[in-house]
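Structure file target.pdb with PDB, C-alpha atoms:
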ATOM      1  CA  MET A   9      18.191  -8.052   0.046  1.00  0.00           C
ATOM      2  CA  ALA A  10      16.126  -8.433   3.222  1.00  0.00           C
ATOM      3  CA  LYS A  11      15.030  -4.830   3.754  1.00  0.00           C
ATOM      4  CA  TYR A  12      11.465  -5.911   4.533  1.00  0.00           C
ATOM      5  CA  ALA A  13      12.170  -9.281   6.160  1.00  0.00           C
ATOM      6  CA  ARG A  14       9.632 -10.262   8.823  1.00  0.00           C
ATOM      7  CA  ARG A  15       7.176  -7.665   7.476  1.00  0.00           C
ATOM      8  CA  ARG A  16       3.660  -8.852   6.646  1.00  0.00           C
ATOM      9  CA  ALA A  17       2.033  -6.724   3.979  1.00  0.00           C
ATOM     10  CA  LEU A  18      -1.406  -6.563   2.434  1.00  0.00           C
ATOM     11  CA  VAL A  19      -1.825  -4.712  -0.865  1.00  0.00           C
ATOM     12  CA  VAL A  20      -5.497  -4.145  -1.676  1.00  0.00           C
ATOM     13  CA  GLY A  21      -7.301  -2.420  -4.486  1.00  0.00           C
ATOM     14  CA  GLU A  22      -5.250  -2.816  -7.618  1.00  0.00           C
ATOM     15  CA  ALA A  23      -3.194  -5.718  -8.950  1.00  0.00           C
ATOM     16  CA  GLY A  24      -1.752  -3.667 -11.767  1.00  0.00           C
ATOM     17  CA  GLY A  25       0.123  -0.415 -11.761  1.00  0.00           C
ATOM     18  CA  ILE A  26       0.898   0.980  -8.326  1.00  0.00           C
ATOM     19  CA  GLY A  27      -0.342  -1.991  -6.286  1.00  0.00           C
ATOM     20  CA  LEU A  28       1.728  -4.460  -8.259  1.00  0.00           C
ATOM     21  CA  ALA A  29       4.774  -2.178  -8.084  1.00  0.00           C
ATOM     22  CA  VAL A  30       4.434  -1.985  -4.278  1.00  0.00           C
ATOM     23  CA  ALA A  31       4.045  -5.772  -4.028  1.00  0.00           C
ATOM     24  CA  LYS A  32       7.132  -6.360  -6.226  1.00  0.00           C
ATOM     25  CA  ARG A  33       9.352  -4.147  -4.077  1.00  0.00           C
ATOM     26  CA  LEU A  34       8.067  -5.790  -0.898  1.00  0.00           C
ATOM     27  CA  VAL A  35       8.699  -9.293  -2.258  1.00  0.00           C
ATOM     28  CA  GLU A  36      12.184  -8.285  -3.433  1.00  0.00           C
ATOM     29  CA  GLY A  37      12.847  -7.036   0.108  1.00  0.00           C
ATOM     30  CA  GLY A  38      11.781 -10.289   1.753  1.00  0.00           C
ATOM     31  CA  ALA A  39       8.284  -9.393   3.000  1.00  0.00           C
ATOM     32  CA  SER A  40       5.392 -11.795   3.211  1.00  0.00           C
ATOM     33  CA  VAL A  41       2.839 -10.285   0.805  1.00  0.00           C
ATOM     34  CA  VAL A  42      -0.838 -10.776   0.077  1.00  0.00           C
ATOM     35  CA  LEU A  43      -2.057  -8.949  -3.026  1.00  0.00           C
ATOM     36  CA  THR A  44      -5.664  -8.744  -4.161  1.00  0.00           C
ATOM     37  CA  ALA A  45      -6.679  -8.958  -7.812  1.00  0.00           C
ATOM     38  CA  ARG A  46     -10.256  -8.671  -8.986  1.00  0.00           C
ATOM     39  CA  THR A  47     -10.260 -10.974 -12.017  1.00  0.00           C
ATOM     40  CA  ALA A  48      -8.721 -14.353 -12.772  1.00  0.00           C
ATOM     41  CA  GLY A  49      -6.658 -12.728 -15.527  1.00  0.00           C
ATOM     42  CA  GLU A  50      -5.266 -10.108 -13.134  1.00  0.00           C
ATOM     43  CA  ARG A  51      -4.461 -12.832 -10.610  1.00  0.00           C
ATOM     44  CA  ALA A  52      -2.630 -14.882 -13.251  1.00  0.00           C
ATOM     45  CA  ARG A  53      -0.612 -11.850 -14.388  1.00  0.00           C
ATOM     46  CA  ALA A  54       0.288 -10.937 -10.794  1.00  0.00           C
ATOM     47  CA  VAL A  55       1.384 -14.509 -10.011  1.00  0.00           C
ATOM     48  CA  ALA A  56       3.532 -14.484 -13.163  1.00  0.00           C
ATOM     49  CA  GLU A  57       5.149 -11.203 -12.034  1.00  0.00           C
ATOM     50  CA  LEU A  58       5.590 -12.081  -8.359  1.00  0.00           C
ATOM     51  CA  GLY A  59       6.121 -15.816  -8.430  1.00  0.00           C
ATOM     52  CA  SER A  60       5.478 -17.913  -5.365  1.00  0.00           C
ATOM     53  CA  ALA A  61       6.844 -15.264  -2.998  1.00  0.00           C
ATOM     54  CA  ALA A  62       3.441 -13.566  -2.761  1.00  0.00           C
ATOM     55  CA  ARG A  63      -0.084 -14.790  -2.248  1.00  0.00           C
ATOM     56  CA  VAL A  64      -2.475 -13.383  -4.868  1.00  0.00           C
ATOM     57  CA  VAL A  65      -6.165 -13.676  -3.991  1.00  0.00           C
ATOM     58  CA  ALA A  66      -9.545 -12.355  -5.005  1.00  0.00           C
ATOM     59  CA  PRO A  67     -10.779  -9.515  -2.771  1.00  0.00           C
ATOM     60  CA  SER A  68     -13.352 -11.894  -1.312  1.00  0.00           C
ATOM     61  CA  GLY A  69     -10.526 -14.208  -0.154  1.00  0.00           C
ATOM     62  CA  VAL A  70      -8.618 -11.673   1.943  1.00  0.00           C
ATOM     63  CA  GLU A  71     -10.467 -12.374   5.196  1.00  0.00           C
ATOM     64  CA  ALA A  72      -9.801 -16.128   4.949  1.00  0.00           C
ATOM     65  CA  VAL A  73      -6.095 -15.617   4.234  1.00  0.00           C
ATOM     66  CA  LEU A  74      -5.695 -13.180   7.124  1.00  0.00           C
ATOM     67  CA  ALA A  75      -7.616 -15.444   9.496  1.00  0.00           C
ATOM     68  CA  ALA A  76      -5.367 -18.360   8.533  1.00  0.00           C
ATOM     69  CA  GLN A  77      -2.255 -16.249   9.125  1.00  0.00           C
ATOM     70  CA  ALA A  78      -3.545 -15.157  12.524  1.00  0.00           C
ATOM     71  CA  GLY A  79      -4.238 -18.765  13.471  1.00  0.00           C
ATOM     72  CA  THR A  80      -0.855 -20.109  12.463  1.00  0.00           C
ATOM     73  CA  GLY A  81       1.359 -17.060  12.770  1.00  0.00           C
ATOM     74  CA  SER A  82       3.528 -15.796   9.949  1.00  0.00           C
ATOM     75  CA  GLY A  83       6.891 -14.333   9.212  1.00  0.00           C
ATOM     76  CA  GLY A  84       8.551 -16.392  11.927  1.00  0.00           C
ATOM     77  CA  THR A  85       7.412 -14.017  14.661  1.00  0.00           C
ATOM     78  CA  GLY A  86       4.669 -16.182  16.120  1.00  0.00           C
ATOM     79  CA  GLU A  87       2.172 -13.397  15.401  1.00  0.00           C
ATOM     80  CA  GLY A  88      -0.547 -13.194  12.821  1.00  0.00           C
ATOM     81  CA  GLY A  89      -1.942 -10.105  11.234  1.00  0.00           C
ATOM     82  CA  VAL A  90      -0.575  -7.361   9.011  1.00  0.00           C
ATOM     83  CA  ASP A  91       1.891  -4.616   9.806  1.00  0.00           C
ATOM     84  CA  LEU A  92       1.881  -2.865   6.398  1.00  0.00           C
ATOM     85  CA  LEU A  93      -1.365  -2.092   4.590  1.00  0.00           C
ATOM     86  CA  PHE A  94      -1.473  -0.433   1.180  1.00  0.00           C
ATOM     87  CA  THR A  95      -4.987   0.302  -0.003  1.00  0.00           C
ATOM     88  CA  ASP A  96      -6.912   2.691  -2.177  1.00  0.00           C
ATOM     89  CA  ALA A  97      -9.412   4.148   0.272  1.00  0.00           C
ATOM     90  CA  VAL A  98     -10.170   4.851   3.925  1.00  0.00           C
ATOM     91  CA  PRO A  99     -13.320   2.640   3.968  1.00  0.00           C
ATOM     92  CA  THR A 100     -11.291  -0.338   2.723  1.00  0.00           C
ATOM     93  CA  ALA A 101      -8.619   0.290   5.356  1.00  0.00           C
ATOM     94  CA  ARG A 102     -11.250   0.707   8.056  1.00  0.00           C
ATOM     95  CA  ALA A 103     -12.727  -2.724   7.256  1.00  0.00           C
ATOM     96  CA  LEU A 104      -9.286  -4.312   7.665  1.00  0.00           C
ATOM     97  CA  LEU A 105      -8.419  -2.666  11.001  1.00  0.00           C
ATOM     98  CA  PRO A 106      -9.092  -5.835  13.042  1.00  0.00           C
ATOM     99  CA  HIS A 107      -6.225  -7.491  11.142  1.00  0.00           C
ATOM    100  CA  LEU A 108      -3.684  -4.725  11.713  1.00  0.00           C
ATOM    101  CA  GLU A 109      -1.188  -4.973  14.494  1.00  0.00           C
ATOM    102  CA  ASP A 110      -0.612  -2.060  16.816  1.00  0.00           C
ATOM    103  CA  GLY A 111       2.312  -0.019  15.520  1.00  0.00           C
ATOM    104  CA  SER A 112       1.582  -0.860  11.890  1.00  0.00           C
ATOM    105  CA  ALA A 113       1.387   1.495   8.904  1.00  0.00           C
ATOM    106  CA  ILE A 114      -1.388   2.237   6.421  1.00  0.00           C
ATOM    107  CA  VAL A 115      -0.635   3.979   3.128  1.00  0.00           C
ATOM    108  CA  LEU A 116      -3.508   5.098   0.938  1.00  0.00           C
ATOM    109  CA  THR A 117      -2.485   4.858  -2.712  1.00  0.00           C
ATOM    110  CA  ALA A 118      -5.336   6.433  -4.701  1.00  0.00           C
ATOM    111  CA  PRO A 119      -5.239  10.076  -5.811  1.00  0.00           C
ATOM    112  CA  ALA A 120      -8.552  10.895  -4.137  1.00  0.00           C
ATOM    113  CA  PRO A 121      -7.981  11.050  -0.359  1.00  0.00           C
ATOM    114  CA  CYS A 122      -8.215  14.651   0.750  1.00  0.00           C
ATOM    115  CA  PRO A 123      -5.649  15.846   3.295  1.00  0.00           C
ATOM    116  CA  ASP A 124      -8.320  16.293   5.979  1.00  0.00           C
ATOM    117  CA  ALA A 125      -9.506  12.680   5.621  1.00  0.00           C
ATOM    118  CA  VAL A 126      -5.941  11.383   5.957  1.00  0.00           C
ATOM    119  CA  ARG A 127      -5.288  13.532   9.053  1.00  0.00           C
ATOM    120  CA  GLU A 128      -8.582  12.517  10.678  1.00  0.00           C
ATOM    121  CA  PHE A 129      -7.972   8.799  10.065  1.00  0.00           C
ATOM    122  CA  ALA A 130      -4.416   9.146  11.404  1.00  0.00           C
ATOM    123  CA  ALA A 131      -5.657  10.885  14.559  1.00  0.00           C
ATOM    124  CA  GLU A 132      -8.269   8.169  15.056  1.00  0.00           C
ATOM    125  CA  LEU A 133      -5.623   5.402  14.989  1.00  0.00           C
ATOM    126  CA  ALA A 134      -2.806   7.163  16.851  1.00  0.00           C
ATOM    127  CA  PHE A 135      -3.768   5.482  20.144  1.00  0.00           C
ATOM    128  CA  ARG A 136      -2.792   2.130  18.572  1.00  0.00           C
ATOM    129  CA  GLY A 137       0.442   3.528  17.182  1.00  0.00           C
ATOM    130  CA  ILE A 138      -0.845   2.985  13.648  1.00  0.00           C
ATOM    131  CA  ARG A 139       0.534   5.544  11.236  1.00  0.00           C
ATOM    132  CA  VAL A 140      -1.713   6.598   8.337  1.00  0.00           C
ATOM    133  CA  ASN A 141      -0.319   8.413   5.316  1.00  0.00           C
ATOM    134  CA  ALA A 142      -1.231   8.745   1.656  1.00  0.00           C
ATOM    135  CA  VAL A 143       0.466   9.144  -1.666  1.00  0.00           C
ATOM    136  CA  ALA A 144      -1.420  11.241  -4.202  1.00  0.00           C
ATOM    137  CA  PRO A 145      -0.328  10.041  -7.634  1.00  0.00           C
ATOM    138  CA  GLY A 146      -0.878  12.251 -10.635  1.00  0.00           C
ATOM    139  CA  CYS A 147       0.289  12.094 -14.243  1.00  0.00           C
ATOM    140  CA  ILE A 148       1.298   8.449 -13.861  1.00  0.00           C
ATOM    141  CA  GLU A 149       1.796   6.493 -17.066  1.00  0.00           C
ATOM    142  CA  ALA A 150      -0.722   3.683 -17.438  1.00  0.00           C
ATOM    143  CA  PRO A 151      -1.913   1.617 -20.384  1.00  0.00           C
ATOM    144  CA  GLY A 152      -4.971   3.116 -22.057  1.00  0.00           C
ATOM    145  CA  THR A 153      -4.744   6.544 -20.405  1.00  0.00           C
ATOM    146  CA  GLY A 154      -4.230   8.359 -23.675  1.00  0.00           C
ATOM    147  CA  ALA A 155      -2.506  11.712 -23.924  1.00  0.00           C
ATOM    148  CA  LEU A 156      -2.177  13.581 -20.651  1.00  0.00           C
ATOM    149  CA  PRO A 157      -0.799  17.066 -20.199  1.00  0.00           C
ATOM    150  CA  LEU A 158       2.737  16.780 -18.903  1.00  0.00           C
ATOM    151  CA  PRO A 159       3.559  18.073 -15.425  1.00  0.00           C
ATOM    152  CA  PRO A 160       6.371  20.583 -14.820  1.00  0.00           C
ATOM    153  CA  LEU A 161       8.987  17.798 -14.747  1.00  0.00           C
ATOM    154  CA  GLY A 162       8.157  17.250 -18.440  1.00  0.00           C
ATOM    155  CA  ARG A 163       7.329  13.557 -18.358  1.00  0.00           C
ATOM    156  CA  LEU A 164       4.798  11.105 -17.018  1.00  0.00           C
ATOM    157  CA  GLY A 165       5.663   9.289 -13.828  1.00  0.00           C
ATOM    158  CA  ALA A 166       5.879   5.530 -13.360  1.00  0.00           C
ATOM    159  CA  ALA A 167       4.021   3.272 -10.946  1.00  0.00           C
ATOM    160  CA  GLU A 168       7.432   2.302  -9.546  1.00  0.00           C
ATOM    161  CA  GLU A 169       8.031   5.918  -8.488  1.00  0.00           C
ATOM    162  CA  VAL A 170       4.736   5.990  -6.583  1.00  0.00           C
ATOM    163  CA  ALA A 171       5.594   2.615  -5.004  1.00  0.00           C
ATOM    164  CA  ARG A 172       8.909   3.976  -3.707  1.00  0.00           C
ATOM    165  CA  ALA A 173       7.139   6.943  -2.106  1.00  0.00           C
ATOM    166  CA  ALA A 174       4.492   4.663  -0.562  1.00  0.00           C
ATOM    167  CA  LEU A 175       7.131   2.331   0.856  1.00  0.00           C
ATOM    168  CA  PHE A 176       9.075   5.280   2.257  1.00  0.00           C
ATOM    169  CA  LEU A 177       5.965   6.449   4.123  1.00  0.00           C
ATOM    170  CA  ALA A 178       5.246   2.916   5.365  1.00  0.00           C
ATOM    171  CA  THR A 179       8.697   1.866   6.506  1.00  0.00           C
ATOM    172  CA  GLU A 180      11.132   4.779   6.695  1.00  0.00           C
ATOM    173  CA  ALA A 181       9.034   7.757   7.830  1.00  0.00           C
ATOM    174  CA  THR A 182       8.430   6.323  11.290  1.00  0.00           C
ATOM    175  CA  PHE A 183       7.594   9.673  12.921  1.00  0.00           C
ATOM    176  CA  THR A 184       5.208  10.758  10.174  1.00  0.00           C
ATOM    177  CA  THR A 185       1.452  10.328  10.200  1.00  0.00           C
ATOM    178  CA  GLY A 186      -1.476  12.155   8.636  1.00  0.00           C
ATOM    179  CA  VAL A 187       0.509  13.220   5.553  1.00  0.00           C
ATOM    180  CA  ARG A 188      -0.670  13.248   1.939  1.00  0.00           C
ATOM    181  CA  LEU A 189       2.401  13.242  -0.316  1.00  0.00           C
ATOM    182  CA  PRO A 190       1.845  14.354  -3.929  1.00  0.00           C
ATOM    183  CA  VAL A 191       3.737  12.169  -6.405  1.00  0.00           C
ATOM    184  CA  ASP A 192       2.759  14.138  -9.479  1.00  0.00           C
ATOM    185  CA  GLY A 193       5.788  15.599 -11.210  1.00  0.00           C
ATOM    186  CA  GLY A 194       5.252  19.034  -9.740  1.00  0.00           C
ATOM    187  CA  LEU A 195       1.569  19.638 -10.404  1.00  0.00           C
ATOM    188  CA  GLY A 196       1.197  20.683  -6.781  1.00  0.00           C
ATOM    189  CA  CYS A 197      -2.283  19.239  -6.323  1.00  0.00           C
ATOM    190  CA  PRO A 198      -3.610  20.152  -2.864  1.00  0.00           C
TER     191      PRO A 198
END
Can the structure in the file be given as structure tokens, please?
Amino acid sequence: MAKYARRRALVVGEAGGIGLAVAKRLVEGGASVVLTARTAGERARAVAELGSAARVVAPSGVEAVLAAQAGTGSGGTGEGGVDLLFTDAVPTARALLPHLEDGSAIVLTAPAPCPDAVREFAAELAFRGIRVNAVAPGCIEAPGTGALPLPPLGRLGAAEEVARAALFLATEATFTTGVRLPVDGGLGCP
């Protein structure tokens, strides 16, 4: 399947859970992916999961990888840079703006971004055609989280379900920006 062919994605902030689930779907769809992982163990696990189809680097190595891509081009388009950015926070995304192409998409993947922050960041980048949206995961099953109260759907969600929502916002919802989409089983968090 080549759903994401010629897409260049950067997944920053978490090499397990949601970030890894996003990277897996992108790789399966033919995208060129760079994923950050904080520790050597996380990097080894991510490489084992993704194989050679993705580049897994320490957060400190992102700038070098992106600079190399910009210098040599990537994805067969003759362009460098990133057109899909998945990250945990606005400050992280802001630091990577020089590497984003006009018309790209940013999806914030941490539960914290408030709707106003997402709308403000989206308005700030609209002149470049960059869409900014967020998923707001809640009640997502993760190792070591212990017992959580179940949401109205009666079960915990999976990182894969958050990844699907994030990818929808990045690639399918092309006339949507400034949205914070709860992926929380019906908790209805604002």
### Message
For the provided coordinates, the residues matched by the PyMOL selection byres ((chain A and resi 127-139) around 10) should be stated as a ChimeraX atom specification.
### Response
/A:91-92,98,101-102,105,108-115,122-126,140-142,177-178,181-188
Padding 6 Å on each side, edges along x, y and z: where is the centre of the box around the listed atoms of range 62-72 of chain A, and how long are its edges in Å to one decimal? Output it as AutoDock Vina command-line options.
--center_x -5.0 --center_y -12.8 --center_z 0.1 --size_x 28.8 --size_y 18.6 --size_z 22.2
### Task
Return the single residue from A:Glu22, A:Glu71, A:Glu168, A:Glu36 that is closest to Ala97 in chain A, with distances computed using only C-alpha atoms.
A:Glu22
Enumerate, in order of chain and increasing residue number, the residues of range 118-189 of chain A with an atom no farther than 10 Å from range 27-30 of chain A, each with its shortest atom pair and distance in Å to one decimal, counting all atoms listed in the file, as JSON lines.
{"residue": "A:Ala118", "atom": "CA", "partner": "A:Gly27", "partner_atom": "CA", "distance": 9.9}
{"residue": "A:Ala166", "atom": "CA", "partner": "A:Ala29", "partner_atom": "CA", "distance": 9.4}
{"residue": "A:Ala167", "atom": "CA", "partner": "A:Ala29", "partner_atom": "CA", "distance": 6.2}
{"residue": "A:Glu168", "atom": "CA", "partner": "A:Ala29", "partner_atom": "CA", "distance": 5.4}
{"residue": "A:Glu169", "atom": "CA", "partner": "A:Ala29", "partner_atom": "CA", "distance": 8.7}
{"residue": "A:Val170", "atom": "CA", "partner": "A:Ala29", "partner_atom": "CA", "distance": 8.3}
{"residue": "A:Ala171", "atom": "CA", "partner": "A:Val30", "partner_atom": "CA", "distance": 4.8}
{"residue": "A:Arg172", "atom": "CA", "partner": "A:Val30", "partner_atom": "CA", "distance": 7.5}
{"residue": "A:Ala173", "atom": "CA", "partner": "A:Val30", "partner_atom": "CA", "distance": 9.6}
{"residue": "A:Ala174", "atom": "CA", "partner": "A:Val30", "partner_atom": "CA", "distance": 7.6}
{"residue": "A:Leu175", "atom": "CA", "partner": "A:Val30", "partner_atom": "CA", "distance": 7.2}
### Among the residues A:Gly194, A:Pro106, A:Gly24, A:Pro67, the one that comes closest to Val55 in chain A [using all atoms listed in the file]
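Of the candidates, the smallest distance to Val55 in chain A is held by A:Gly24.
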### Distance criterion (all atoms listed in the file): nearest to Cys147 in chain A out of A:Val191, A:Ala78, A:Leu164, A:Ala103
A:Leu164
### Message
Quick check on the file I pasted: which residues fall under the PyMOL selection byres ((chain A and resi 64) around 6)? Write them as a ChimeraX atom specification.
### Response
/A:42-44,63,65
### Query
Mind telling me what the PyMOL selection byres ((chain A and resi 193) around 12) catches here, as a PyMOL selection string?
chain A and resi 144-149+157-166+169-170+189-192+194-197
### Proximity to Thr95 in chain A - best of A:Ser40, A:Arg46, A:Glu57, A:Thr117, only C-alpha atoms
A:Thr117
### Proximity to Val73 in chain A - best of A:Ala31, A:Ala13, A:Val90, A:Leu58, all atoms listed in the file
A:Val90
### Among the residues A:Gly69, A:Gly89, A:Pro99, A:Pro121, the one that comes closest to Val143 in chain A [using all atoms listed in the file]
A:Pro121
Got a minute to add N, CA, C and O atoms to range 57-80 of chain A and dump it as a short mmCIF file (atom, residue, chain, number, x, y, z; two decimals), in the frame of the given file?
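And here is the file that came out, part-v5.cif:
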data_model
loop_
_atom_site.label_atom_id
_atom_site.label_comp_id
_atom_site.auth_asym_id
_atom_site.auth_seq_id
_atom_site.Cartn_x
_atom_site.Cartn_y
_atom_site.Cartn_z
N GLU A 57 4.20 -12.27 -12.39
CA GLU A 57 5.15 -11.20 -12.03
C GLU A 57 5.84 -11.46 -10.70
O GLU A 57 7.02 -11.19 -10.54
N LEU A 58 5.08 -11.97 -9.72
CA LEU A 58 5.59 -12.08 -8.36
C LEU A 58 6.12 -13.46 -8.01
O LEU A 58 6.86 -13.60 -7.03
N GLY A 59 5.71 -14.46 -8.75
CA GLY A 59 6.12 -15.82 -8.43
C GLY A 59 5.46 -16.31 -7.16
O GLY A 59 4.43 -15.79 -6.71
N SER A 60 6.07 -17.29 -6.55
CA SER A 60 5.48 -17.91 -5.36
C SER A 60 5.76 -17.14 -4.09
O SER A 60 5.30 -17.52 -3.02
N ALA A 61 6.48 -16.04 -4.19
CA ALA A 61 6.84 -15.26 -3.00
C ALA A 61 5.67 -14.47 -2.43
O ALA A 61 5.73 -14.01 -1.30
N ALA A 62 4.62 -14.31 -3.22
CA ALA A 62 3.44 -13.57 -2.76
C ALA A 62 2.20 -14.43 -2.94
O ALA A 62 2.15 -15.31 -3.78
N ARG A 63 1.22 -14.13 -2.14
CA ARG A 63 -0.08 -14.79 -2.25
C ARG A 63 -1.00 -13.82 -2.96
O ARG A 63 -1.18 -12.68 -2.52
N VAL A 64 -1.58 -14.23 -4.09
CA VAL A 64 -2.48 -13.38 -4.87
C VAL A 64 -3.87 -13.99 -4.76
O VAL A 64 -4.08 -15.14 -5.11
N VAL A 65 -4.81 -13.17 -4.25
CA VAL A 65 -6.16 -13.68 -3.99
C VAL A 65 -7.21 -12.70 -4.52
O VAL A 65 -6.93 -11.52 -4.74
N ALA A 66 -8.41 -13.22 -4.68
CA ALA A 66 -9.54 -12.36 -5.00
C ALA A 66 -9.86 -11.52 -3.77
O ALA A 66 -9.60 -11.96 -2.63
N PRO A 67 -10.43 -10.33 -3.94
CA PRO A 67 -10.78 -9.52 -2.77
C PRO A 67 -11.64 -10.27 -1.75
O PRO A 67 -11.47 -10.08 -0.55
N SER A 68 -12.49 -11.13 -2.23
CA SER A 68 -13.35 -11.89 -1.31
C SER A 68 -12.56 -12.92 -0.49
O SER A 68 -13.05 -13.40 0.53
N GLY A 69 -11.33 -13.23 -0.88
CA GLY A 69 -10.53 -14.21 -0.15
C GLY A 69 -9.60 -13.63 0.89
O GLY A 69 -8.92 -14.37 1.60
N VAL A 70 -9.55 -12.32 1.01
CA VAL A 70 -8.62 -11.67 1.94
C VAL A 70 -8.88 -12.09 3.39
O VAL A 70 -7.96 -12.44 4.12
N GLU A 71 -10.13 -12.03 3.80
CA GLU A 71 -10.47 -12.37 5.20
C GLU A 71 -9.99 -13.78 5.56
O GLU A 71 -9.43 -13.98 6.63
N ALA A 72 -10.20 -14.75 4.68
CA ALA A 72 -9.80 -16.13 4.95
C ALA A 72 -8.28 -16.25 5.07
O ALA A 72 -7.78 -16.93 5.96
N VAL A 73 -7.55 -15.57 4.18
CA VAL A 73 -6.10 -15.62 4.23
C VAL A 73 -5.59 -14.99 5.53
O VAL A 73 -4.72 -15.55 6.20
N LEU A 74 -6.14 -13.85 5.90
CA LEU A 74 -5.70 -13.18 7.12
C LEU A 74 -6.06 -13.98 8.37
O LEU A 74 -5.28 -14.04 9.32
N ALA A 75 -7.22 -14.60 8.36
CA ALA A 75 -7.62 -15.44 9.50
C ALA A 75 -6.67 -16.64 9.63
O ALA A 75 -6.28 -17.01 10.74
N ALA A 76 -6.30 -17.23 8.50
CA ALA A 76 -5.37 -18.36 8.53
C ALA A 76 -4.00 -17.93 9.05
O ALA A 76 -3.38 -18.63 9.84
N GLN A 77 -3.54 -16.76 8.63
CA GLN A 77 -2.26 -16.25 9.12
C GLN A 77 -2.31 -16.00 10.62
O GLN A 77 -1.36 -16.30 11.34
N ALA A 78 -3.42 -15.45 11.09
CA ALA A 78 -3.54 -15.16 12.52
C ALA A 78 -3.57 -16.44 13.33
O ALA A 78 -3.04 -16.49 14.44
N GLY A 79 -4.14 -17.49 12.76
CA GLY A 79 -4.24 -18.76 13.47
C GLY A 79 -2.93 -19.51 13.54
O GLY A 79 -2.65 -20.21 14.49
N THR A 80 -2.10 -19.34 12.51
CA THR A 80 -0.86 -20.11 12.46
C THR A 80 0.38 -19.27 12.68
O THR A 80 1.46 -19.79 12.82
#
